[in-house]
There are 4 protein chains.
Amino acid sequence: MLNVTIWNEFVHEKIHDEVRTVYPSGIHTALAEGLQHPDFIIRTATLDQPQHGLTDDVLDSTDVLLWWGHMAHDQVSDEIVSKVVKRVLDGMGLIVLHSGHFSKPFKALMGTSCDLKWREAGEQEIIWSVNPTHPIAAGLTGPIIIEHEEMYGEFFDIPAPDELVFVSNFEGGEVFRSGCTFKRGHGNIFYFRPGHETYPTYYNPEVLKVITNAIHWAYSAAGKQTFGNSQPVRPLPVLA
Amino acid sequence: MLNVTIWNEFVHEKIHDEVRTVYPSGIHTALAEGLQHPDFIIRTATLDQPQHGLTDDVLDSTDVLLWWGHMAHDQVSDEIVSKVVKRVLDGMGLIVLHSGHFSKPFKALMGTSCDLKWREAGEQEIIWSVNPTHPIAAGLTGPIIIEHEEMYGEFFDIPAPDELVFVSNFEGGEVFRSGCTFKRGHGNIFYFRPGHETYPTYYNPEVLKVITNAIHWAYSAAGKQTFGNSQPVRPLPVLA
Amino acid sequence: MLNVTIWNEFVHEKIHDEVRTVYPSGIHTALAEGLQHPDFIIRTATLDQPQHGLTDDVLDSTDVLLWWGHMAHDQVSDEIVSKVVKRVLDGMGLIVLHSGHFSKPFKALMGTSCDLKWREAGEQEIIWSVNPTHPIAAGLTGPIIIEHEEMYGEFFDIPAPDELVFVSNFEGGEVFRSGCTFKRGHGNIFYFRPGHETYPTYYNPEVLKVITNAIHWAYSAAGKQTFGNSQPVRPLPVLA
Amino acid sequence: MLNVTIWNEFVHEKIHDEVRTVYPSGIHTALAEGLQHPDFIIRTATLDQPQHGLTDDVLDSTDVLLWWGHMAHDQVSDEIVSKVVKRVLDGMGLIVLHSGHFSKPFKALMGTSCDLKWREAGEQEIIWSVNPTHPIAAGLTGPIIIEHEEMYGEFFDIPAPDELVFVSNFEGGEVFRSGCTFKRGHGNIFYFRPGHETYPTYYNPEVLKVITNAIHWAYSAAGKQTFGNSQPVRPLPVLA
């Protein structure tokens, strides 16, 4: 069983009618319902909870963390961010969704600005896999077509991903590296682009399939191999 | 000074009016004229020449080779292909253009099918840099917009490139990794997508700028460091 | 269940007493016995069998192929090599062991010379993981120390691996990238250095653990997503 | 001309006789003298200067920054670190030396702990290139052998480097990825391992050659291509 925690800042849904209409109980709740899988034990956590719902207990027992945030990145406490980052480096999987590209944990783990080009015009997005037998793309039988989404365009200021899985085509002419894997420390990270708050993207079965795949992929079962400072294996002729 | 050899199969231009109209003296000649640069000494070579114009003398004195081919890949002799591949592994730069993705040297160097999805429909192609300060993208001030091109779509069956420089958006909805670098042996390889024979793509100043940049990038000035079989640096207690 | 086929050229063991002493029934048999795992259905195949034991039936039903060869690389028929390469590109996993670096399938898939520096002096090899939570390193609790092995040194002429998992230190002073992953087409490839025929390396439990991990890792469960040539998703204003 | 700034914390040299003996005027001064090259205009900066010598004027006019620090990482002000990181993302080259692996700018740019295994025992280090025609390895004719150095061992907790150039072998049995390139934002970063303060490593001509090469490599001449938010290239049927 995998312990999955879905974190959502949960602000738009409370203050913008347009968003509440799409996600009446919050993006986290829609994801929790859509990601039902026999292997998953799913919890949610939100910004307004004590410690943003990410207590030591929750983090310590989370195998894979999902992160959605947008307008309240700055309200996430640096202390919690440090704990999240440390847990990722220690092996917790992290899936960063859409506007989470500007979240504190993602920026800290990438070391770059994570800036990008964007446009809100309800454009069609077509998501192609450039690595169609990657486990994260399993089960897709063609491109994912989303009728209306916010556009994100290059240059996306991230380190070159370890693996590029998806690239998006937008109706207005842009492209975007929309599915990227990174390993940082012992943690597997997947960034997945779609999911603007005003569109029902997280009800799309193929989007949910990708996130489900990504949870399995990000989970690390490997015991950590730690190499502490140690005596030399071979005798040294002269110790300084 | 860099010795640049432009190889073109030069078949379409002789038998298809539509192509001859665009490239009356052949794609190689158009490129040779368009790539004028004070650092370059440019030669051309074509399939119909003895040894396809790629004699040992020519190959040995070529720093960077450009390759355009399409309908006559099979007519390139395996012996010449072997020599080209060996020269790349020994440090000659190679720039593979458009339908050269299916050329024998490129397939041999990639080890994969190099297959892709395509459509001839005169679509608009917009080429974005995902690594805008890569030397191959130097001097571009925005995306390259080509009004009419053949579409190439993913999945492009190549090894994950060492660096991804450009991604294309096509009007019909596809994307393509259209600028990719690879190092094989001691040779730098750049694949650049645009350049269908029926469109005047190789007269586009930005396309020519990218190819010019790529020639500089692919040229390797580094002396090869060869590590032959040798005695151990450190004494071995017991030789088997 | 995973169908694993272990291919061994099986020549040294028949003609060199020194090797037969270590592997009396052949390296393939030692590996088949050492790699017992409830998930594996293991077969072996050798050069001297019809079609080298790699008939279409065998290849079609192989999920992961192991390859050990050394002195008889040239005796492997090009037709079988083509079939092996095609199966890898279609998704069969491939694990190339030790002197298999110069085998025809590996060289064809890499596109490079796969040359390296070597020395037979019974040196100590210490294999370190540089990615200790990679699934292929799972279960190791420190470096693998092999008392006597052939030395392989850099420069190892391979494409930059997709992932570097292990690096070896040799007593005489060399290093080697001894555990490398590559994806080619839809197939996962792992090169693993140790295993000279005159040493009992393939009885080492940690070496067997790595190969067992690699078999699991190389197996691809993802259904292939094929993108054939197709009509545009979006209407094109003018079809050429 | 390239503007090179060599930053050194310059603490060991003032308080440890053993270090002062080797670098009487500081590591920065030894490097400044050793890196003389007709293309370089070299300045130095140290922790004890106002703003650590890294004023806006200095940073703005620095093409490539070298960084050596060890015992006083924490004394570097976060404000200066932010400016250094920003300048790297904007295109300044950065060369991080030896114990600079734990410096604040390097950790911020990597997003990982940058931890490693170490031992001070005056061991022999042999530095091999695994990419011998990389520009940073130009001019080397074999491995670099340093008679006495501090050992650094794996696991080195960094993101997988964009390019691995050097790997070290240590006498006691360890290995280390000792020459790694990274691109972050528009800046080229090179980490180079050798240079413990008690050994005369920075007088070694081959070590100086590598750093000289790295300065040239890290310098970015490419004009930045910025893609601001913009109108769609193609008309959108329905704007939301």
# chains A, B, ... in the order shown; residues from 1 in each chain; ligands from 1

$ closest_atom_pairs --of "chain B" --to "chain C" --cutoff "6 Å" --atoms "only C-alpha atoms" --output "tab-separated table"
residue	atom	partner	partner_atom	distance
B:Ala108	CA	C:Gly111	CA	5.6
B:Leu109	CA	C:Gly111	CA	4.2
B:Met110	CA	C:Gly111	CA	5.5
B:Gly111	CA	C:Leu109	CA	4.2
B:Thr112	CA	C:Gly185	CA	6.0
B:Lys117	CA	C:Asn229	CA	5.0
B:Trp118	CA	C:Asn229	CA	5.6
B:Ala121	CA	C:Leu239	CA	5.0
B:Gly122	CA	C:Ala240	CA	4.9
B:Asp157	CA	C:Gly185	CA	5.7
B:Pro159	CA	C:Arg184	CA	5.6
B:Gly172	CA	C:Pro232	CA	4.4
B:Gly173	CA	C:Val233	CA	5.6
B:Arg184	CA	C:Pro159	CA	5.7
B:Gly185	CA	C:Asp157	CA	5.7
B:Gly228	CA	C:Lys117	CA	5.8
B:Asn229	CA	C:Lys117	CA	5.0
B:Pro232	CA	C:Gly172	CA	4.4
B:Val233	CA	C:Gly172	CA	5.5
B:Arg234	CA	C:Gly172	CA	4.8
B:Leu239	CA	C:Ala121	CA	5.0
B:Ala240	CA	C:Gly122	CA	4.8

$ write_last_selection --atoms "N, CA and C atoms" --output "PDB file, in the first residue's frame"
ATOM      1  N   ALA B 108      22.718   4.499 -37.942  1.00  0.00           N
ATOM      2  CA  ALA B 108      23.810   3.719 -37.366  1.00  0.00           C
ATOM      3  C   ALA B 108      24.335   4.364 -36.090  1.00  0.00           C
ATOM      4  N   LEU B 109      24.372   5.673 -36.069  1.00  0.00           N
ATOM      5  CA  LEU B 109      24.905   6.372 -34.891  1.00  0.00           C
ATOM      6  C   LEU B 109      23.901   6.399 -33.744  1.00  0.00           C
ATOM      7  N   MET B 110      22.615   6.360 -34.055  1.00  0.00           N
ATOM      8  CA  MET B 110      21.600   6.388 -33.008  1.00  0.00           C
ATOM      9  C   MET B 110      21.324   4.997 -32.444  1.00  0.00           C
ATOM     10  N   GLY B 111      21.369   3.975 -33.296  1.00  0.00           N
ATOM     11  CA  GLY B 111      21.058   2.626 -32.834  1.00  0.00           C
ATOM     12  C   GLY B 111      19.568   2.349 -32.719  1.00  0.00           C
ATOM     13  N   THR B 112      18.745   3.246 -33.202  1.00  0.00           N
ATOM     14  CA  THR B 112      17.291   3.082 -33.114  1.00  0.00           C
ATOM     15  C   THR B 112      16.691   3.197 -34.512  1.00  0.00           C
ATOM     16  N   LYS B 117       6.300  10.205 -37.113  1.00  0.00           N
ATOM     17  CA  LYS B 117       4.981  10.452 -37.688  1.00  0.00           C
ATOM     18  C   LYS B 117       5.132  11.649 -38.622  1.00  0.00           C
ATOM     19  N   TRP B 118       4.468  11.623 -39.757  1.00  0.00           N
ATOM     20  CA  TRP B 118       4.615  12.748 -40.692  1.00  0.00           C
ATOM     21  C   TRP B 118       3.328  13.000 -41.454  1.00  0.00           C
ATOM     22  N   ALA B 121       1.166  18.602 -45.508  1.00  0.00           N
ATOM     23  CA  ALA B 121      -0.033  19.410 -45.649  1.00  0.00           C
ATOM     24  C   ALA B 121       0.279  20.899 -45.576  1.00  0.00           C
ATOM     25  N   GLY B 122       1.522  21.232 -45.799  1.00  0.00           N
ATOM     26  CA  GLY B 122       1.878  22.652 -45.856  1.00  0.00           C
ATOM     27  C   GLY B 122       1.539  23.429 -44.605  1.00  0.00           C
ATOM     28  N   ASP B 157      11.661   8.132 -32.731  1.00  0.00           N
ATOM     29  CA  ASP B 157      12.365   7.029 -32.058  1.00  0.00           C
ATOM     30  C   ASP B 157      13.874   7.231 -32.106  1.00  0.00           C
ATOM     31  N   PRO B 159      17.378   7.896 -29.304  1.00  0.00           N
ATOM     32  CA  PRO B 159      17.761   7.910 -27.886  1.00  0.00           C
ATOM     33  C   PRO B 159      17.455   9.286 -27.292  1.00  0.00           C
ATOM     34  N   GLY B 172      -1.518  21.525 -37.157  1.00  0.00           N
ATOM     35  CA  GLY B 172      -2.510  20.464 -37.029  1.00  0.00           C
ATOM     36  C   GLY B 172      -2.588  19.869 -35.639  1.00  0.00           C
ATOM     37  N   GLY B 173      -1.662  20.253 -34.746  1.00  0.00           N
ATOM     38  CA  GLY B 173      -1.757  19.827 -33.360  1.00  0.00           C
ATOM     39  C   GLY B 173      -0.570  19.043 -32.821  1.00  0.00           C
ATOM     40  N   ARG B 184      28.616  11.187 -29.914  1.00  0.00           N
ATOM     41  CA  ARG B 184      28.889   9.778 -30.164  1.00  0.00           C
ATOM     42  C   ARG B 184      30.384   9.659 -30.413  1.00  0.00           C
ATOM     43  N   GLY B 185      31.051   8.844 -29.597  1.00  0.00           N
ATOM     44  CA  GLY B 185      32.500   8.823 -29.670  1.00  0.00           C
ATOM     45  C   GLY B 185      33.009  10.216 -29.353  1.00  0.00           C
ATOM     46  N   GLY B 228      45.293   4.144 -23.668  1.00  0.00           N
ATOM     47  CA  GLY B 228      45.517   2.770 -24.103  1.00  0.00           C
ATOM     48  C   GLY B 228      45.621   1.825 -22.928  1.00  0.00           C
ATOM     49  N   ASN B 229      45.604   0.538 -23.231  1.00  0.00           N
ATOM     50  CA  ASN B 229      45.881  -0.447 -22.192  1.00  0.00           C
ATOM     51  C   ASN B 229      47.254  -0.131 -21.609  1.00  0.00           C
ATOM     52  N   PRO B 232      49.475  -0.795 -14.452  1.00  0.00           N
ATOM     53  CA  PRO B 232      48.804  -0.097 -13.353  1.00  0.00           C
ATOM     54  C   PRO B 232      49.653   1.061 -12.833  1.00  0.00           C
ATOM     55  N   VAL B 233      48.990   2.118 -12.408  1.00  0.00           N
ATOM     56  CA  VAL B 233      49.702   3.224 -11.771  1.00  0.00           C
ATOM     57  C   VAL B 233      50.218   2.764 -10.415  1.00  0.00           C
ATOM     58  N   ARG B 234      49.382   2.037  -9.711  1.00  0.00           N
ATOM     59  CA  ARG B 234      49.766   1.578  -8.374  1.00  0.00           C
ATOM     60  C   ARG B 234      50.207   0.120  -8.452  1.00  0.00           C
ATOM     61  N   LEU B 239      49.868 -10.360  -8.956  1.00  0.00           N
ATOM     62  CA  LEU B 239      49.369 -10.428 -10.325  1.00  0.00           C
ATOM     63  C   LEU B 239      48.899 -11.838 -10.592  1.00  0.00           C
ATOM     64  N   ALA B 240      47.715 -11.949 -11.105  1.00  0.00           N
ATOM     65  CA  ALA B 240      47.142 -13.286 -11.336  1.00  0.00           C
ATOM     66  C   ALA B 240      47.905 -13.997 -12.451  1.00  0.00           C
TER      67      ALA B 240
END

$ select_by_dssp --residues "stretch 25-237 of chain C" --states "strand (DSSP E)" --output "PyMOL selection string"
chain C and resi 40-46+64-68+93-97+117-129+144-153+163-170+175-184+187-192

$ select_by_dssp --residues "stretch 11-221 of chain A" --states "helix (DSSP H, G or I)" --output "number ranges by chain"
A: 12-15, 17-22, 27-34, 50-53, 56-60, 73-75, 78-89, 98-102, 104-110, 135-137, 201-203, 205-218
